[in-house]
Amino acid sequence: MSATPVQKRDLVLDGLWRNNPVFRQVLGICSALAVTNLLLNTLVMCASLTFTTAMSCLTVSLLRRWTPRRIRMMVQTLIIAFYVIIIDILLQAFWPAMSTALGPFVGLIITNCIIMGRCEAFAGSHAPVPSLLDGLFSGLGYSVVLCLIAFCRELLGMGTLLGRPMPFFGSELWNNWVIMVMPPGAFFTLALVVWFFRSRQGAPAQGGGK
Amino acid sequence: MSVRDKAWFPVVYMFAVTAAFSSVLIGFAEGLRPRVESNRRAALERAVLAVLPLEAPAADSAQIRHELFKSLTAVTERGAEKVTAYQVVRDGRVRASALLFEGQGFWNRIRGVIGVGADGRSVLGIAIYEQSETPGLGAEIVTPRFTEQFRKGKVLGVKTALRFVAETAKAGSGEVNGVTGATQTCSRLERMLNARLARWTADTAQPGGTE
């Protein structure tokens with residue numbers, strides 16, 4: 001389980017831009033579609049996922065020398081579930097309205113491909129600090145894209161941002177685009193966001209990769 | 001051959017890791033359980049008090065709400081195991097009842113309370129204290145824009161039920177404007193409310209129907 005040294009700068013750039021989980025790897029799409037019709041819900045979801053990814057990667061990395069290879073994925077799932085349940089309990093205790101609003105999607109963070117992907121691809125073979133950074137910036141990369149989608153959906157679909165009516169969009173002049181709040185609106189926005197960022201990035205280097 | 005290579009090691013390791021993480025979680029959940037339960041109770045109390053014609057307390061604190069809630073009479077209907085309604089009783093007469101209802105919404109269970117007058121046909125208000133409907137669409141059932149309609153003297157006829165009409169339609173007595181784009185949530189809520197009101201009417205019509 002030897003690891004090649006990685007530059008912190010690369011971890012930051014990969015998570016946020018070059019290897020972004022959403023628009024480059026197309027992972028975490030389920031929650032990107034489900035919780036992005038309100039910006040506040042999205043922010044909480046993103047914070048929860050970033051925390052879970054960072055802490056799971058750190059824990060998997062700390063245990064990597066003792067974890068038998070044959071059962072590593074069971075251990076990873078257990079660790080991810082541990083952090084997700086902690087977040088779920090914290091929301092129920094200190095922010096019950098948000099816990100109700102997010103419903104089953106907090107629990108479904110366990111199945112988010114980004115977390116398991118980073119644990120398996122990186123944390124299982126790298127030192128704790130780079131693993132923590134990798135998880136943190138992968139989570140932040142996911143968050144940036146989700147917040148952008150939520151921004152468009154809430155503004156165009158409801159004329160509000162964080163529940164507050166916005167100039168023009170919250171007035172009689174603007175007719176809310178109901179479809180933006182519904183699942184098709186999420187698909188359209190996600191497709192546009194992926195297209196936009198990929199066209200900015202240009203074609204990936206041939207035979208490259210991490 | 002190191003311990004890690006033994007055939008039993010993965011099994012023991014998995015048990016040990018599971019036990020360690022589970023113990024922390026159990027401790028964490030137990031520590032916060034009173035707070036979680038208190039939040040649930042407070043949500044129910046707030047919803048019940050919101051649909052009853054009670055004098056508003058001078059200060060809106062959880063303690064005052066709890067005291068007011070305790071002054072209500074809990075009712076268990078025929079065949080029910082839990083409390084299903086709370087009543088305001090003054091001078092030995094029932095002035096109003098808050099009926100608990102629940103049912104399947106579009107995504108998840110919807111739990112709420114509907115207030116009815118002593119006649120069992122005048123709707124006094126509605127409050128939803130648990131739902132996971134689509135934000136901006138089905139979730140609009142918790143907003144004052146929707147719930148305030150129930151305070152505007154919705155009186156049901158002897159045989160007529162509560163009816164949801166289009167958001168832009170003119171709603172008459174016994175009619176409520178639904179939410180555009182949330183047809184499923186509205187029709188399920190409509191069925192839930194009517195089933196609850198029908199059961200309440202049937203139970204209260206029978207002697208000894210409520211306890």
# chains A, B, ... in the order shown; residues from 1 in each chain; ligands from 1
call {"tool": "residues_around", "arguments": {"residues": "Pro128 (chain A)", "least_positions_apart": "5", "cutoff": "9 Å", "atoms": "only C-alpha atoms", "output": "count of residues only"}}
result
8
call {"tool": "residues_around", "arguments": {"residues": "region 77-81 of chain A", "least_positions_apart": "3", "cutoff": "9 Å", "atoms": "only C-alpha atoms", "output": "list in words"}}
result
Thr52, Thr53, Met55, Ser56, Cys57, Thr59, Val60, Arg72, Met73, Met74, Val84, Ile85, Ile86, Gly107, Ile109, Ile110, Thr111, Ile115 and Met116 of chain A; Val17, Thr18 and Phe21 of chain B
call {"tool": "interface_residues", "arguments": {"of": "chain A", "to": "chain B", "cutoff": "6 Å", "atoms": "only C-alpha atoms", "output": "PyMOL selection string"}}
result
chain A and resi 92-93+101+103
call {"tool": "residues_around", "arguments": {"residues": "Phe151 (chain A)", "least_positions_apart": "6", "cutoff": "12 Å", "atoms": "only C-alpha atoms", "output": "number ranges by chain"}}
result
A: 35-43, 143-145, 157-163, 166, 180-181, 186, 189-190, 193
call {"tool": "select_by_dssp", "arguments": {"residues": "chain B", "states": "strand (DSSP E)", "output": "ChimeraX atom specification"}}
result
/B:73-75,85-90,93-104,109-117,122-130,154-155,163-165,175-177
call {"tool": "residues_around", "arguments": {"residues": "Val83 (chain B)", "least_positions_apart": "4", "cutoff": "12 Å", "atoms": "only C-alpha atoms", "output": "count of residues only"}}
result
15
call {"tool": "atom_distance", "arguments": {"atom1": "CA of Phe15 (chain B)", "atom2": "CA of Val75 (chain A)"}}
result
10.2 Å
call {"tool": "atom_distance", "arguments": {"atom1": "CA of Ala202 (chain B)", "atom2": "CA of Ala161 (chain B)"}}
result
13.6 Å
call {"tool": "atom_distance", "arguments": {"atom1": "CA of Leu27 (chain A)", "atom2": "CA of Asp134 (chain A)"}}
result
15.4 Å
call {"tool": "closest_residue", "arguments": {"among": "A:Leu148, A:Ile179, A:Ala97, A:Leu156", "to": "Leu192 (chain A)", "atoms": "only C-alpha atoms"}}
result
A:Leu148
call {"tool": "residues_around", "arguments": {"residues": "Gly125 (chain B)", "least_positions_apart": "4", "cutoff": "7 Å", "atoms": "only C-alpha atoms", "output": "number ranges by chain"}}
result
B: 51, 114-115, 150-151
call {"tool": "decode", "arguments": {"residues": "region 13-35 of chain B", "atoms": "N, CA and C atoms", "output": "PDB file, in the first residue's frame"}}
result
ATOM      1  N   TYR B  13     -11.617  -8.410  13.197  1.00  0.00           N
ATOM      2  CA  TYR B  13     -11.397  -6.981  12.916  1.00  0.00           C
ATOM      3  C   TYR B  13     -12.718  -6.273  12.645  1.00  0.00           C
ATOM      4  N   MET B  14     -13.556  -6.902  11.821  1.00  0.00           N
ATOM      5  CA  MET B  14     -14.846  -6.288  11.473  1.00  0.00           C
ATOM      6  C   MET B  14     -15.721  -6.127  12.705  1.00  0.00           C
ATOM      7  N   PHE B  15     -15.751  -7.173  13.538  1.00  0.00           N
ATOM      8  CA  PHE B  15     -16.529  -7.100  14.791  1.00  0.00           C
ATOM      9  C   PHE B  15     -16.014  -5.964  15.669  1.00  0.00           C
ATOM     10  N   ALA B  16     -14.687  -5.876  15.780  1.00  0.00           N
ATOM     11  CA  ALA B  16     -14.096  -4.861  16.660  1.00  0.00           C
ATOM     12  C   ALA B  16     -14.408  -3.457  16.153  1.00  0.00           C
ATOM     13  N   VAL B  17     -14.249  -3.243  14.847  1.00  0.00           N
ATOM     14  CA  VAL B  17     -14.507  -1.906  14.282  1.00  0.00           C
ATOM     15  C   VAL B  17     -15.994  -1.556  14.437  1.00  0.00           C
ATOM     16  N   THR B  18     -16.870  -2.525  14.152  1.00  0.00           N
ATOM     17  CA  THR B  18     -18.315  -2.278  14.279  1.00  0.00           C
ATOM     18  C   THR B  18     -18.676  -1.934  15.718  1.00  0.00           C
ATOM     19  N   ALA B  19     -18.125  -2.711  16.647  1.00  0.00           N
ATOM     20  CA  ALA B  19     -18.429  -2.464  18.063  1.00  0.00           C
ATOM     21  C   ALA B  19     -17.955  -1.077  18.482  1.00  0.00           C
ATOM     22  N   ALA B  20     -16.768  -0.696  18.038  1.00  0.00           N
ATOM     23  CA  ALA B  20     -16.218   0.606  18.436  1.00  0.00           C
ATOM     24  C   ALA B  20     -17.082   1.748  17.901  1.00  0.00           C
ATOM     25  N   PHE B  21     -17.368   1.729  16.604  1.00  0.00           N
ATOM     26  CA  PHE B  21     -18.151   2.827  16.010  1.00  0.00           C
ATOM     27  C   PHE B  21     -19.589   2.839  16.544  1.00  0.00           C
ATOM     28  N   SER B  22     -20.170   1.651  16.706  1.00  0.00           N
ATOM     29  CA  SER B  22     -21.552   1.581  17.205  1.00  0.00           C
ATOM     30  C   SER B  22     -21.645   2.132  18.623  1.00  0.00           C
ATOM     31  N   SER B  23     -20.647   1.832  19.451  1.00  0.00           N
ATOM     32  CA  SER B  23     -20.677   2.305  20.837  1.00  0.00           C
ATOM     33  C   SER B  23     -20.686   3.827  20.877  1.00  0.00           C
ATOM     34  N   VAL B  24     -19.845   4.424  20.046  1.00  0.00           N
ATOM     35  CA  VAL B  24     -19.809   5.899  20.007  1.00  0.00           C
ATOM     36  C   VAL B  24     -21.166   6.439  19.556  1.00  0.00           C
ATOM     37  N   LEU B  25     -21.731   5.821  18.530  1.00  0.00           N
ATOM     38  CA  LEU B  25     -23.020   6.290  18.004  1.00  0.00           C
ATOM     39  C   LEU B  25     -24.139   6.156  19.021  1.00  0.00           C
ATOM     40  N   ILE B  26     -24.162   5.008  19.705  1.00  0.00           N
ATOM     41  CA  ILE B  26     -25.214   4.781  20.703  1.00  0.00           C
ATOM     42  C   ILE B  26     -25.110   5.838  21.809  1.00  0.00           C
ATOM     43  N   GLY B  27     -23.897   6.091  22.250  1.00  0.00           N
ATOM     44  CA  GLY B  27     -23.688   7.096  23.286  1.00  0.00           C
ATOM     45  C   GLY B  27     -24.150   8.472  22.817  1.00  0.00           C
ATOM     46  N   PHE B  28     -23.793   8.798  21.589  1.00  0.00           N
ATOM     47  CA  PHE B  28     -24.142  10.088  21.003  1.00  0.00           C
ATOM     48  C   PHE B  28     -25.666  10.239  20.889  1.00  0.00           C
ATOM     49  N   ALA B  29     -26.316   9.187  20.352  1.00  0.00           N
ATOM     50  CA  ALA B  29     -27.775   9.227  20.161  1.00  0.00           C
ATOM     51  C   ALA B  29     -28.492   9.302  21.506  1.00  0.00           C
ATOM     52  N   GLU B  30     -28.012   8.546  22.476  1.00  0.00           N
ATOM     53  CA  GLU B  30     -28.650   8.558  23.801  1.00  0.00           C
ATOM     54  C   GLU B  30     -28.500   9.926  24.454  1.00  0.00           C
ATOM     55  N   GLY B  31     -27.331  10.519  24.278  1.00  0.00           N
ATOM     56  CA  GLY B  31     -27.075  11.835  24.864  1.00  0.00           C
ATOM     57  C   GLY B  31     -28.034  12.895  24.319  1.00  0.00           C
ATOM     58  N   LEU B  32     -28.358  12.797  23.028  1.00  0.00           N
ATOM     59  CA  LEU B  32     -29.201  13.825  22.409  1.00  0.00           C
ATOM     60  C   LEU B  32     -30.677  13.412  22.324  1.00  0.00           C
ATOM     61  N   ARG B  33     -30.994  12.197  22.790  1.00  0.00           N
ATOM     62  CA  ARG B  33     -32.377  11.706  22.672  1.00  0.00           C
ATOM     63  C   ARG B  33     -33.419  12.612  23.352  1.00  0.00           C
ATOM     64  N   PRO B  34     -33.145  13.081  24.578  1.00  0.00           N
ATOM     65  CA  PRO B  34     -34.156  13.957  25.198  1.00  0.00           C
ATOM     66  C   PRO B  34     -34.447  15.187  24.348  1.00  0.00           C
ATOM     67  N   ARG B  35     -33.409  15.735  23.745  1.00  0.00           N
ATOM     68  CA  ARG B  35     -33.585  16.937  22.927  1.00  0.00           C
ATOM     69  C   ARG B  35     -34.397  16.631  21.657  1.00  0.00           C
TER      70      ARG B  35
END
